[in-house]
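The structure appears right after this line, and notes come after that.
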Amino acid sequence: MGTDNQTWVREFVLLGLSSDRNTQVSLFVLFSLMYLVTVLGNFLIVLLIRLDSRLHTPMYFFLTNLSIVDVSYATSIVPQMLVHFLAEHKGIPPVSCAAQLFFSLGLGGIEFVLLAVMAYDRYVAVCDPLRYSVVMHGGLCARLAITSWVSGSVNSLMQTTITFQLPMCTNKYIDHISCELLAVVRLACVDTSSSEVAIMVSSIVLLMTPFCLVLLSYIKIISTILKIRSTEGREKAFHTCASHLTVVALCYGMAIFTYIQPSSSPSVLQEKLVFLFYAILTPMLNPLIYSLRNKEVKGAWQKLLGQLSGLTSKLAT
């Protein structure tokens with residue numbers, strides 16, 4: 001019985017960003033708007049890709065997966081956070097906390113692997129364009145997408161299991177805005193060094209392995225671009241990768257700052273702000289980046305808006 005009392009906590013309490021009521025209401029409005037933009041932007045990207053046959057290519061197949069991951073990731077974090085901004089009591093049951101941790105870790109891991117897959121797609125498009133359709137065939141694309149989803153989910157299951165096997169004793173206050181991995185581990189009332197090592201190794205494998213593949217792909221891509229003699233050819237090749245490279249910098253930069261660093265280096269407030277940036281701002285920016293910096297997507301938008309305008313005119317007459 002004593003062990004059970006030490007191991008299980010009936011409810012966790014999230015301390016959030018601020019205890020000031022006016023600040024919480026302001027944050028609720030701000031993050032509600034950002035979440036709506038995130039959902040709408042990613043939904044429109046997926047819809048556009050489905051409707052425009054010119055976007056039925058491997059690159060946009062993976063972008064569809066990325067948009068689904070972004071919306072799902074934000075949904076695993078933001079609705080609960082919004083409820084807590086307005087609630088007096090900010091409790092969350094352990095089962096819900098574990099579920100939130102599993103989904104956020106899993107979807108984050110899926111995104112890292114997807115970005116590496118997309119980097120490989122860009123590598124083939126730039127470095128071996130004549131064989132692109134042969135190499136990036138439908139079967140390979142499906143297998144790469146499935147690998148991304150499975151690897152992220154397996155890694156998340158392992159990390160969530162390790163975390164929630166730790167005895168929490170009477171510690172129930174999570175100094176974070178959600179059930180984030182490091183914040184939950186800190187609640188343990190035993191030495192967590194071995195668990196932290198296991199989590200760190202798992203994070204490095206899932207984060208740094210795709211990152212190294214992205215880095216290797218872009219070294220090859222840049223080397224190929226520099227060999228192109230015409231300025232127009234170099235610019236076209238660069239624009240092929242610009243959107244993806246921007247998203248890579250955002251996602252990997254924030255994740256590396258959060259998880260692969262000395263445990264004493266960041267403040268808790270810094271961790272919360274970086275987490276917010278990754279959980280809310282990055283999923284919101286991704287569709288904007290692909291829309292504003294990609295000629296094919298802008299062309300598809302123009303075509304769709306033209307069709308809608310024509311349909312509206314016909315209905316009006």
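In the structure tokens, the first chain shown is A, the next is B, and so on; residue numbers restart at 1 for each chain, and ligands run from 1 in the order shown.
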Distance table requested - range 41-123 of chain A against range 132-153 of chain A, cut-off 7 Å, only C-alpha atoms: one row per qualifying residue with the closest atom pair and its distance in Å to one decimal, ordered by chain and rising residue number, as CSV.
```
residue,atom,partner,partner_atom,distance
A:Pro58,CA,A:Cys141,CA,6.6
A:Gly106,CA,A:Ser153,CA,4.6
A:Leu107,CA,A:Gly152,CA,6.6
A:Gly109,CA,A:Gly152,CA,4.3
A:Ile110,CA,A:Gly152,CA,4.5
A:Val113,CA,A:Ser148,CA,5.2
A:Leu114,CA,A:Ser148,CA,5.8
A:Val117,CA,A:Leu144,CA,6.8
```
Contacts of range 86-98 of chain A at 10 Å (only C-alpha atoms; same-chain gap of 6+ positions) as a PDB file with all heavy atoms, in the first residue's frame:
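Dumped to part_30.pdb:
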```pdb
ATOM      1  N   TRP A   8       1.743   6.543  -7.193  1.00  0.00           N
ATOM      2  CA  TRP A   8       0.653   7.103  -7.991  1.00  0.00           C
ATOM      3  C   TRP A   8       0.172   8.430  -7.426  1.00  0.00           C
ATOM      4  O   TRP A   8      -0.060   8.578  -6.235  1.00  0.00           O
ATOM      5  CB  TRP A   8      -0.521   6.114  -8.040  1.00  0.00           C
ATOM      6  CG  TRP A   8      -0.141   4.823  -8.663  1.00  0.00           C
ATOM      7  CD1 TRP A   8       0.078   3.636  -8.040  1.00  0.00           C
ATOM      8  CD2 TRP A   8       0.105   4.588 -10.046  1.00  0.00           C
ATOM      9  NE1 TRP A   8       0.443   2.665  -8.946  1.00  0.00           N
ATOM     10  CE2 TRP A   8       0.468   3.224 -10.187  1.00  0.00           C
ATOM     11  CE3 TRP A   8       0.067   5.396 -11.184  1.00  0.00           C
ATOM     12  CZ2 TRP A   8       0.780   2.655 -11.408  1.00  0.00           C
ATOM     13  CZ3 TRP A   8       0.380   4.831 -12.407  1.00  0.00           C
ATOM     14  CH2 TRP A   8       0.721   3.481 -12.507  1.00  0.00           C
ATOM     15  N   VAL A   9       0.030   9.388  -8.303  1.00  0.00           N
ATOM     16  CA  VAL A   9      -0.547  10.684  -7.960  1.00  0.00           C
ATOM     17  C   VAL A   9      -1.920  10.735  -8.622  1.00  0.00           C
ATOM     18  O   VAL A   9      -2.063  10.417  -9.799  1.00  0.00           O
ATOM     19  CB  VAL A   9       0.349  11.833  -8.477  1.00  0.00           C
ATOM     20  CG1 VAL A   9      -0.315  13.177  -8.225  1.00  0.00           C
ATOM     21  CG2 VAL A   9       1.710  11.773  -7.805  1.00  0.00           C
ATOM     22  N   ARG A  10      -2.934  11.112  -7.872  1.00  0.00           N
ATOM     23  CA  ARG A  10      -4.296  11.105  -8.410  1.00  0.00           C
ATOM     24  C   ARG A  10      -4.507  12.192  -9.458  1.00  0.00           C
ATOM     25  O   ARG A  10      -5.337  12.041 -10.355  1.00  0.00           O
ATOM     26  CB  ARG A  10      -5.305  11.291  -7.272  1.00  0.00           C
ATOM     27  CG  ARG A  10      -5.389  10.094  -6.333  1.00  0.00           C
ATOM     28  CD  ARG A  10      -6.482  10.307  -5.306  1.00  0.00           C
ATOM     29  NE  ARG A  10      -6.615   9.154  -4.426  1.00  0.00           N
ATOM     30  CZ  ARG A  10      -7.518   9.056  -3.451  1.00  0.00           C
ATOM     31  NH1 ARG A  10      -8.363  10.066  -3.242  1.00  0.00           N
ATOM     32  NH2 ARG A  10      -7.574   7.978  -2.698  1.00  0.00           N
ATOM     33  N   GLU A  11      -3.778  13.278  -9.334  1.00  0.00           N
ATOM     34  CA  GLU A  11      -3.969  14.395 -10.255  1.00  0.00           C
ATOM     35  C   GLU A  11      -2.707  15.245 -10.305  1.00  0.00           C
ATOM     36  O   GLU A  11      -2.052  15.474  -9.290  1.00  0.00           O
ATOM     37  CB  GLU A  11      -5.152  15.250  -9.797  1.00  0.00           C
ATOM     38  CG  GLU A  11      -5.465  16.405 -10.733  1.00  0.00           C
ATOM     39  CD  GLU A  11      -6.575  17.281 -10.190  1.00  0.00           C
ATOM     40  OE1 GLU A  11      -6.438  17.783  -9.046  1.00  0.00           O
ATOM     41  OE2 GLU A  11      -7.580  17.469 -10.899  1.00  0.00           O
ATOM     42  N   PHE A  12      -2.328  15.669 -11.507  1.00  0.00           N
ATOM     43  CA  PHE A  12      -1.256  16.645 -11.666  1.00  0.00           C
ATOM     44  C   PHE A  12      -1.875  18.032 -11.810  1.00  0.00           C
ATOM     45  O   PHE A  12      -3.016  18.176 -12.246  1.00  0.00           O
ATOM     46  CB  PHE A  12      -0.422  16.334 -12.910  1.00  0.00           C
ATOM     47  CG  PHE A  12       0.363  15.058 -12.812  1.00  0.00           C
ATOM     48  CD1 PHE A  12       0.084  13.990 -13.644  1.00  0.00           C
ATOM     49  CD2 PHE A  12       1.378  14.917 -11.882  1.00  0.00           C
ATOM     50  CE1 PHE A  12       0.800  12.805 -13.568  1.00  0.00           C
ATOM     51  CE2 PHE A  12       2.110  13.743 -11.780  1.00  0.00           C
ATOM     52  CZ  PHE A  12       1.814  12.685 -12.626  1.00  0.00           C
ATOM     53  N   VAL A  13      -1.100  19.032 -11.443  1.00  0.00           N
ATOM     54  CA  VAL A  13      -1.535  20.425 -11.597  1.00  0.00           C
ATOM     55  C   VAL A  13      -0.501  21.158 -12.434  1.00  0.00           C
ATOM     56  O   VAL A  13       0.689  21.176 -12.109  1.00  0.00           O
ATOM     57  CB  VAL A  13      -1.699  21.125 -10.231  1.00  0.00           C
ATOM     58  CG1 VAL A  13      -2.080  22.594 -10.429  1.00  0.00           C
ATOM     59  CG2 VAL A  13      -2.748  20.420  -9.384  1.00  0.00           C
ATOM     60  N   LEU A  14      -0.959  21.735 -13.526  1.00  0.00           N
ATOM     61  CA  LEU A  14      -0.072  22.487 -14.424  1.00  0.00           C
ATOM     62  C   LEU A  14      -0.012  23.940 -13.970  1.00  0.00           C
ATOM     63  O   LEU A  14      -1.048  24.603 -13.846  1.00  0.00           O
ATOM     64  CB  LEU A  14      -0.591  22.406 -15.859  1.00  0.00           C
ATOM     65  CG  LEU A  14      -0.556  21.003 -16.490  1.00  0.00           C
ATOM     66  CD1 LEU A  14      -1.436  20.950 -17.731  1.00  0.00           C
ATOM     67  CD2 LEU A  14       0.863  20.615 -16.837  1.00  0.00           C
ATOM     68  N   LEU A  15       1.192  24.443 -13.738  1.00  0.00           N
ATOM     69  CA  LEU A  15       1.347  25.809 -13.246  1.00  0.00           C
ATOM     70  C   LEU A  15       1.202  26.847 -14.356  1.00  0.00           C
ATOM     71  O   LEU A  15       0.920  28.014 -14.089  1.00  0.00           O
ATOM     72  CB  LEU A  15       2.709  25.963 -12.555  1.00  0.00           C
ATOM     73  CG  LEU A  15       2.923  25.059 -11.328  1.00  0.00           C
ATOM     74  CD1 LEU A  15       4.273  25.343 -10.691  1.00  0.00           C
ATOM     75  CD2 LEU A  15       1.799  25.240 -10.304  1.00  0.00           C
ATOM     76  N   GLY A  16       1.430  26.441 -15.595  1.00  0.00           N
ATOM     77  CA  GLY A  16       1.205  27.333 -16.729  1.00  0.00           C
ATOM     78  C   GLY A  16       2.213  28.461 -16.846  1.00  0.00           C
ATOM     79  O   GLY A  16       3.307  28.415 -16.284  1.00  0.00           O
ATOM     80  N   SER A  19       0.017  33.365 -13.293  1.00  0.00           N
ATOM     81  CA  SER A  19      -1.107  33.218 -12.356  1.00  0.00           C
ATOM     82  C   SER A  19      -2.010  34.445 -12.369  1.00  0.00           C
ATOM     83  O   SER A  19      -3.053  34.466 -11.707  1.00  0.00           O
ATOM     84  CB  SER A  19      -0.578  32.989 -10.933  1.00  0.00           C
ATOM     85  OG  SER A  19       0.270  34.073 -10.543  1.00  0.00           O
ATOM     86  N   ARG A  21      -4.824  36.779 -13.652  1.00  0.00           N
ATOM     87  CA  ARG A  21      -6.052  36.471 -14.390  1.00  0.00           C
ATOM     88  C   ARG A  21      -6.130  37.229 -15.709  1.00  0.00           C
ATOM     89  O   ARG A  21      -6.494  36.658 -16.741  1.00  0.00           O
ATOM     90  CB  ARG A  21      -7.258  36.828 -13.508  1.00  0.00           C
ATOM     91  CG  ARG A  21      -8.602  36.450 -14.118  1.00  0.00           C
ATOM     92  CD  ARG A  21      -8.708  34.945 -14.261  1.00  0.00           C
ATOM     93  NE  ARG A  21      -9.985  34.543 -14.828  1.00  0.00           N
ATOM     94  CZ  ARG A  21     -10.277  33.310 -15.187  1.00  0.00           C
ATOM     95  NH1 ARG A  21      -9.376  32.347 -15.057  1.00  0.00           N
ATOM     96  NH2 ARG A  21     -11.450  33.005 -15.690  1.00  0.00           N
ATOM     97  N   GLN A  24      -3.850  35.724 -18.244  1.00  0.00           N
ATOM     98  CA  GLN A  24      -4.364  34.447 -18.740  1.00  0.00           C
ATOM     99  C   GLN A  24      -5.451  34.657 -19.793  1.00  0.00           C
ATOM    100  O   GLN A  24      -5.486  33.953 -20.803  1.00  0.00           O
ATOM    101  CB  GLN A  24      -4.913  33.624 -17.572  1.00  0.00           C
ATOM    102  CG  GLN A  24      -3.834  33.093 -16.637  1.00  0.00           C
ATOM    103  CD  GLN A  24      -4.412  32.264 -15.504  1.00  0.00           C
ATOM    104  OE1 GLN A  24      -5.615  32.205 -15.317  1.00  0.00           O
ATOM    105  NE2 GLN A  24      -3.546  31.626 -14.749  1.00  0.00           N
ATOM    106  N   VAL A  25      -6.322  35.633 -19.583  1.00  0.00           N
ATOM    107  CA  VAL A  25      -7.380  35.922 -20.567  1.00  0.00           C
ATOM    108  C   VAL A  25      -6.763  36.417 -21.868  1.00  0.00           C
ATOM    109  O   VAL A  25      -7.177  36.020 -22.967  1.00  0.00           O
ATOM    110  CB  VAL A  25      -8.375  36.953 -20.004  1.00  0.00           C
ATOM    111  CG1 VAL A  25      -9.360  37.396 -21.089  1.00  0.00           C
ATOM    112  CG2 VAL A  25      -9.132  36.374 -18.814  1.00  0.00           C
ATOM    113  N   LEU A  27      -3.747  35.755 -22.990  1.00  0.00           N
ATOM    114  CA  LEU A  27      -3.092  34.618 -23.622  1.00  0.00           C
ATOM    115  C   LEU A  27      -4.116  33.685 -24.265  1.00  0.00           C
ATOM    116  O   LEU A  27      -3.855  33.115 -25.332  1.00  0.00           O
ATOM    117  CB  LEU A  27      -2.245  33.855 -22.592  1.00  0.00           C
ATOM    118  CG  LEU A  27      -0.998  34.572 -22.077  1.00  0.00           C
ATOM    119  CD1 LEU A  27      -0.365  33.779 -20.936  1.00  0.00           C
ATOM    120  CD2 LEU A  27       0.014  34.782 -23.207  1.00  0.00           C
ATOM    121  N   PHE A  28      -5.268  33.533 -23.628  1.00  0.00           N
ATOM    122  CA  PHE A  28      -6.326  32.704 -24.195  1.00  0.00           C
ATOM    123  C   PHE A  28      -6.745  33.233 -25.564  1.00  0.00           C
ATOM    124  O   PHE A  28      -6.871  32.472 -26.530  1.00  0.00           O
ATOM    125  CB  PHE A  28      -7.532  32.666 -23.256  1.00  0.00           C
ATOM    126  CG  PHE A  28      -8.739  31.980 -23.835  1.00  0.00           C
ATOM    127  CD1 PHE A  28      -8.864  30.602 -23.767  1.00  0.00           C
ATOM    128  CD2 PHE A  28      -9.746  32.716 -24.464  1.00  0.00           C
ATOM    129  CE1 PHE A  28      -9.961  29.955 -24.321  1.00  0.00           C
ATOM    130  CE2 PHE A  28     -10.845  32.084 -25.014  1.00  0.00           C
ATOM    131  CZ  PHE A  28     -10.960  30.701 -24.938  1.00  0.00           C
ATOM    132  N   GLN A  80      -6.245  21.874 -24.441  1.00  0.00           N
ATOM    133  CA  GLN A  80      -6.126  21.726 -22.987  1.00  0.00           C
ATOM    134  C   GLN A  80      -5.523  22.986 -22.359  1.00  0.00           C
ATOM    135  O   GLN A  80      -5.959  23.434 -21.290  1.00  0.00           O
ATOM    136  CB  GLN A  80      -5.267  20.496 -22.678  1.00  0.00           C
ATOM    137  CG  GLN A  80      -4.817  20.370 -21.226  1.00  0.00           C
ATOM    138  CD  GLN A  80      -3.415  20.913 -21.015  1.00  0.00           C
ATOM    139  OE1 GLN A  80      -2.496  20.589 -21.765  1.00  0.00           O
ATOM    140  NE2 GLN A  80      -3.231  21.724 -20.001  1.00  0.00           N
ATOM    141  N   SER A 104       2.114  14.090 -28.094  1.00  0.00           N
ATOM    142  CA  SER A 104       2.996  15.207 -28.450  1.00  0.00           C
ATOM    143  C   SER A 104       4.392  14.708 -28.804  1.00  0.00           C
ATOM    144  O   SER A 104       4.996  15.165 -29.786  1.00  0.00           O
ATOM    145  CB  SER A 104       3.061  16.228 -27.310  1.00  0.00           C
ATOM    146  OG  SER A 104       3.575  15.653 -26.121  1.00  0.00           O
ATOM    147  N   LEU A 157       6.200   5.857 -27.337  1.00  0.00           N
ATOM    148  CA  LEU A 157       5.713   4.843 -26.409  1.00  0.00           C
ATOM    149  C   LEU A 157       6.791   4.472 -25.398  1.00  0.00           C
ATOM    150  O   LEU A 157       6.529   4.357 -24.197  1.00  0.00           O
ATOM    151  CB  LEU A 157       5.261   3.603 -27.185  1.00  0.00           C
ATOM    152  CG  LEU A 157       4.724   2.440 -26.343  1.00  0.00           C
ATOM    153  CD1 LEU A 157       3.492   2.864 -25.567  1.00  0.00           C
ATOM    154  CD2 LEU A 157       4.402   1.243 -27.242  1.00  0.00           C
ATOM    155  N   THR A 160       7.375   7.559 -22.993  1.00  0.00           N
ATOM    156  CA  THR A 160       6.237   7.744 -22.085  1.00  0.00           C
ATOM    157  C   THR A 160       6.217   6.653 -21.020  1.00  0.00           C
ATOM    158  O   THR A 160       5.953   6.924 -19.838  1.00  0.00           O
ATOM    159  CB  THR A 160       4.913   7.728 -22.882  1.00  0.00           C
ATOM    160  OG1 THR A 160       4.959   8.734 -23.890  1.00  0.00           O
ATOM    161  CG2 THR A 160       3.729   7.978 -21.967  1.00  0.00           C
ATOM    162  N   THR A 161       6.505   5.419 -21.415  1.00  0.00           N
ATOM    163  CA  THR A 161       6.535   4.299 -20.458  1.00  0.00           C
ATOM    164  C   THR A 161       7.621   4.515 -19.411  1.00  0.00           C
ATOM    165  O   THR A 161       7.379   4.336 -18.201  1.00  0.00           O
ATOM    166  CB  THR A 161       6.774   2.971 -21.208  1.00  0.00           C
ATOM    167  OG1 THR A 161       5.745   2.778 -22.168  1.00  0.00           O
ATOM    168  CG2 THR A 161       6.789   1.803 -20.225  1.00  0.00           C
ATOM    169  N   THR A 163       8.930   7.323 -18.436  1.00  0.00           N
ATOM    170  CA  THR A 163       8.592   8.482 -17.605  1.00  0.00           C
ATOM    171  C   THR A 163       7.553   8.148 -16.552  1.00  0.00           C
ATOM    172  O   THR A 163       7.706   8.496 -15.372  1.00  0.00           O
ATOM    173  CB  THR A 163       8.077   9.638 -18.485  1.00  0.00           C
ATOM    174  OG1 THR A 163       9.084   9.991 -19.435  1.00  0.00           O
ATOM    175  CG2 THR A 163       7.726  10.848 -17.644  1.00  0.00           C
ATOM    176  N   PHE A 164       6.487   7.450 -16.943  1.00  0.00           N
ATOM    177  CA  PHE A 164       5.397   7.202 -16.007  1.00  0.00           C
ATOM    178  C   PHE A 164       5.601   5.952 -15.150  1.00  0.00           C
ATOM    179  O   PHE A 164       4.729   5.615 -14.350  1.00  0.00           O
ATOM    180  CB  PHE A 164       4.062   7.168 -16.756  1.00  0.00           C
ATOM    181  CG  PHE A 164       3.528   8.544 -17.027  1.00  0.00           C
ATOM    182  CD1 PHE A 164       3.898   9.234 -18.165  1.00  0.00           C
ATOM    183  CD2 PHE A 164       2.701   9.171 -16.117  1.00  0.00           C
ATOM    184  CE1 PHE A 164       3.439  10.519 -18.407  1.00  0.00           C
ATOM    185  CE2 PHE A 164       2.229  10.456 -16.345  1.00  0.00           C
ATOM    186  CZ  PHE A 164       2.600  11.133 -17.498  1.00  0.00           C
ATOM    187  N   LYS A 172       3.029  16.772  -7.446  1.00  0.00           N
ATOM    188  CA  LYS A 172       1.964  16.825  -8.453  1.00  0.00           C
ATOM    189  C   LYS A 172       1.963  18.122  -9.256  1.00  0.00           C
ATOM    190  O   LYS A 172       1.195  18.256 -10.210  1.00  0.00           O
ATOM    191  CB  LYS A 172       0.603  16.626  -7.800  1.00  0.00           C
ATOM    192  CG  LYS A 172       0.179  17.743  -6.852  1.00  0.00           C
ATOM    193  CD  LYS A 172      -1.234  17.478  -6.334  1.00  0.00           C
ATOM    194  CE  LYS A 172      -1.708  18.652  -5.453  1.00  0.00           C
ATOM    195  NZ  LYS A 172      -3.096  18.444  -4.999  1.00  0.00           N
ATOM    196  N   TYR A 173       2.806  19.073  -8.906  1.00  0.00           N
ATOM    197  CA  TYR A 173       2.806  20.361  -9.592  1.00  0.00           C
ATOM    198  C   TYR A 173       3.814  20.348 -10.739  1.00  0.00           C
ATOM    199  O   TYR A 173       5.033  20.289 -10.517  1.00  0.00           O
ATOM    200  CB  TYR A 173       3.120  21.492  -8.607  1.00  0.00           C
ATOM    201  CG  TYR A 173       2.034  21.700  -7.590  1.00  0.00           C
ATOM    202  CD1 TYR A 173       2.140  21.135  -6.316  1.00  0.00           C
ATOM    203  CD2 TYR A 173       0.877  22.414  -7.902  1.00  0.00           C
ATOM    204  CE1 TYR A 173       1.136  21.301  -5.378  1.00  0.00           C
ATOM    205  CE2 TYR A 173      -0.141  22.580  -6.968  1.00  0.00           C
ATOM    206  CZ  TYR A 173      -0.008  22.028  -5.713  1.00  0.00           C
ATOM    207  OH  TYR A 173      -1.009  22.178  -4.794  1.00  0.00           O
ATOM    208  N   ILE A 174       3.306  20.393 -11.959  1.00  0.00           N
ATOM    209  CA  ILE A 174       4.150  20.402 -13.155  1.00  0.00           C
ATOM    210  C   ILE A 174       4.371  21.855 -13.568  1.00  0.00           C
ATOM    211  O   ILE A 174       3.425  22.548 -13.954  1.00  0.00           O
ATOM    212  CB  ILE A 174       3.493  19.624 -14.311  1.00  0.00           C
ATOM    213  CG1 ILE A 174       3.233  18.168 -13.898  1.00  0.00           C
ATOM    214  CG2 ILE A 174       4.362  19.665 -15.561  1.00  0.00           C
ATOM    215  CD1 ILE A 174       2.490  17.350 -14.955  1.00  0.00           C
ATOM    216  N   ILE A 177       3.356  24.314 -19.206  1.00  0.00           N
ATOM    217  CA  ILE A 177       2.020  24.571 -19.757  1.00  0.00           C
ATOM    218  C   ILE A 177       1.339  23.290 -20.209  1.00  0.00           C
ATOM    219  O   ILE A 177       0.160  23.295 -20.550  1.00  0.00           O
ATOM    220  CB  ILE A 177       2.099  25.556 -20.937  1.00  0.00           C
ATOM    221  CG1 ILE A 177       3.022  25.004 -22.024  1.00  0.00           C
ATOM    222  CG2 ILE A 177       2.548  26.925 -20.465  1.00  0.00           C
ATOM    223  CD1 ILE A 177       3.072  25.842 -23.274  1.00  0.00           C
ATOM    224  N   SER A 178       2.084  22.183 -20.255  1.00  0.00           N
ATOM    225  CA  SER A 178       1.519  20.889 -20.641  1.00  0.00           C
ATOM    226  C   SER A 178       2.344  19.792 -19.985  1.00  0.00           C
ATOM    227  O   SER A 178       3.329  20.069 -19.292  1.00  0.00           O
ATOM    228  CB  SER A 178       1.539  20.720 -22.165  1.00  0.00           C
ATOM    229  OG  SER A 178       2.856  20.450 -22.604  1.00  0.00           O
ATOM    230  N   CYS A 179       1.944  18.550 -20.223  1.00  0.00           N
ATOM    231  CA  CYS A 179       2.709  17.418 -19.690  1.00  0.00           C
ATOM    232  C   CYS A 179       3.921  17.175 -20.585  1.00  0.00           C
ATOM    233  O   CYS A 179       3.961  16.209 -21.355  1.00  0.00           O
ATOM    234  CB  CYS A 179       1.820  16.184 -19.605  1.00  0.00           C
ATOM    235  SG  CYS A 179       0.529  16.336 -18.365  1.00  0.00           S
ATOM    236  N   GLU A 180       4.874  18.059 -20.494  1.00  0.00           N
ATOM    237  CA  GLU A 180       6.100  17.983 -21.294  1.00  0.00           C
ATOM    238  C   GLU A 180       7.075  17.015 -20.632  1.00  0.00           C
ATOM    239  O   GLU A 180       7.108  16.891 -19.406  1.00  0.00           O
ATOM    240  CB  GLU A 180       6.703  19.381 -21.432  1.00  0.00           C
ATOM    241  CG  GLU A 180       7.785  19.502 -22.467  1.00  0.00           C
ATOM    242  CD  GLU A 180       9.160  19.282 -21.876  1.00  0.00           C
ATOM    243  OE1 GLU A 180       9.322  19.398 -20.642  1.00  0.00           O
ATOM    244  OE2 GLU A 180      10.081  18.991 -22.648  1.00  0.00           O
ATOM    245  N   LEU A 181       7.862  16.324 -21.429  1.00  0.00           N
ATOM    246  CA  LEU A 181       8.703  15.222 -20.960  1.00  0.00           C
ATOM    247  C   LEU A 181       9.590  15.606 -19.779  1.00  0.00           C
ATOM    248  O   LEU A 181       9.533  14.992 -18.709  1.00  0.00           O
ATOM    249  CB  LEU A 181       9.557  14.714 -22.126  1.00  0.00           C
ATOM    250  CG  LEU A 181      10.499  13.547 -21.819  1.00  0.00           C
ATOM    251  CD1 LEU A 181       9.705  12.309 -21.427  1.00  0.00           C
ATOM    252  CD2 LEU A 181      11.376  13.253 -23.035  1.00  0.00           C
ATOM    253  N   VAL A 184       7.769  16.544 -16.475  1.00  0.00           N
ATOM    254  CA  VAL A 184       7.200  15.406 -15.736  1.00  0.00           C
ATOM    255  C   VAL A 184       8.304  14.603 -15.056  1.00  0.00           C
ATOM    256  O   VAL A 184       8.160  14.184 -13.892  1.00  0.00           O
ATOM    257  CB  VAL A 184       6.375  14.499 -16.680  1.00  0.00           C
ATOM    258  CG1 VAL A 184       5.863  13.270 -15.926  1.00  0.00           C
ATOM    259  CG2 VAL A 184       5.206  15.272 -17.272  1.00  0.00           C
TER     260      VAL A 184
END
```
Counting only C-alpha atoms, figure out which residue out of A:Asn155, A:Ala183, A:Met254, A:Ile204 gets nearest to Phe277 in chain A.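 Checking each of A:Asn155, A:Ala183, A:Met254, A:Ile204 against Phe277 in chain A, counting only C-alpha atoms, the winner is A:Met254.
The environment of range 216-219 of chain A within 10 Å, counting only C-alpha atoms and disregarding residues fewer than 6 places along the same chain, consists of A:Ala116, A:Val117, A:Met118, A:Ala119, A:Tyr120, A:Asp121, A:Arg122, A:Tyr123, A:Val124, A:Cys127, A:Pro210, A:Ile225, A:Cys241, A:Leu245.
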Running DSSP on the backbone, which parts of range 91-301 of chain A land in alpha helix (DSSP H), as a PyMOL selection string? chain A and resi 94-127+132-135+138-164+181-185+193-227+231-259+268-276+282-292+295-301
Point out the residue among A:Val29, A:Leu47, A:Ala249, A:Val297 with the least atom-to-atom distance to Tyr278 in chain A, counting only C-alpha atoms. A:Ala249
Just the residues within 8 Å of Phe112 in chain A, please, counting only C-alpha atoms, with nothing from its chain fewer than 6 positions along; format it as an MDAnalysis selection string. chainID A and resid 206:207 210:211 251:252
Name the residues of range 89-218 of chain A that come out as strand (DSSP E or B) in a backbone DSSP run; write them as a VMD selection string. chain A and resid 91 to 92 173 to 174
Taking only C-alpha atoms into account, name the residue in A:Arg131, A:His84, A:His239, A:Lys303 that is nearest to Ile222 in chain A.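 For Ile222 in chain A, the nearest of the given residues is A:His239.
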Got a sec: who's within 6 Å of range 187-196 of chain A, counting only C-alpha atoms, leaving out chain neighbours fewer than 3 positions off, as JSON, numbers by chain? {"A": [166, 167, 168, 171, 184, 199, 200]}
Rounded to one decimal, what separation in Å do you get between CA of Ser67 in chain A and CA of Tyr290 in chain A?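 The value is 10.6 Å.
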Work out how far apart CA of Ser223 in chain A and CA of Ser243 in chain A are and give it in Å to one decimal.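 Separating CA of Ser223 in chain A from CA of Ser243 in chain A is a distance of 18.5 Å.
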In Å, with one decimal, what is the gap from CA of Lys227 in chain A to CA of Ser291 in chain A? 28.4 Å
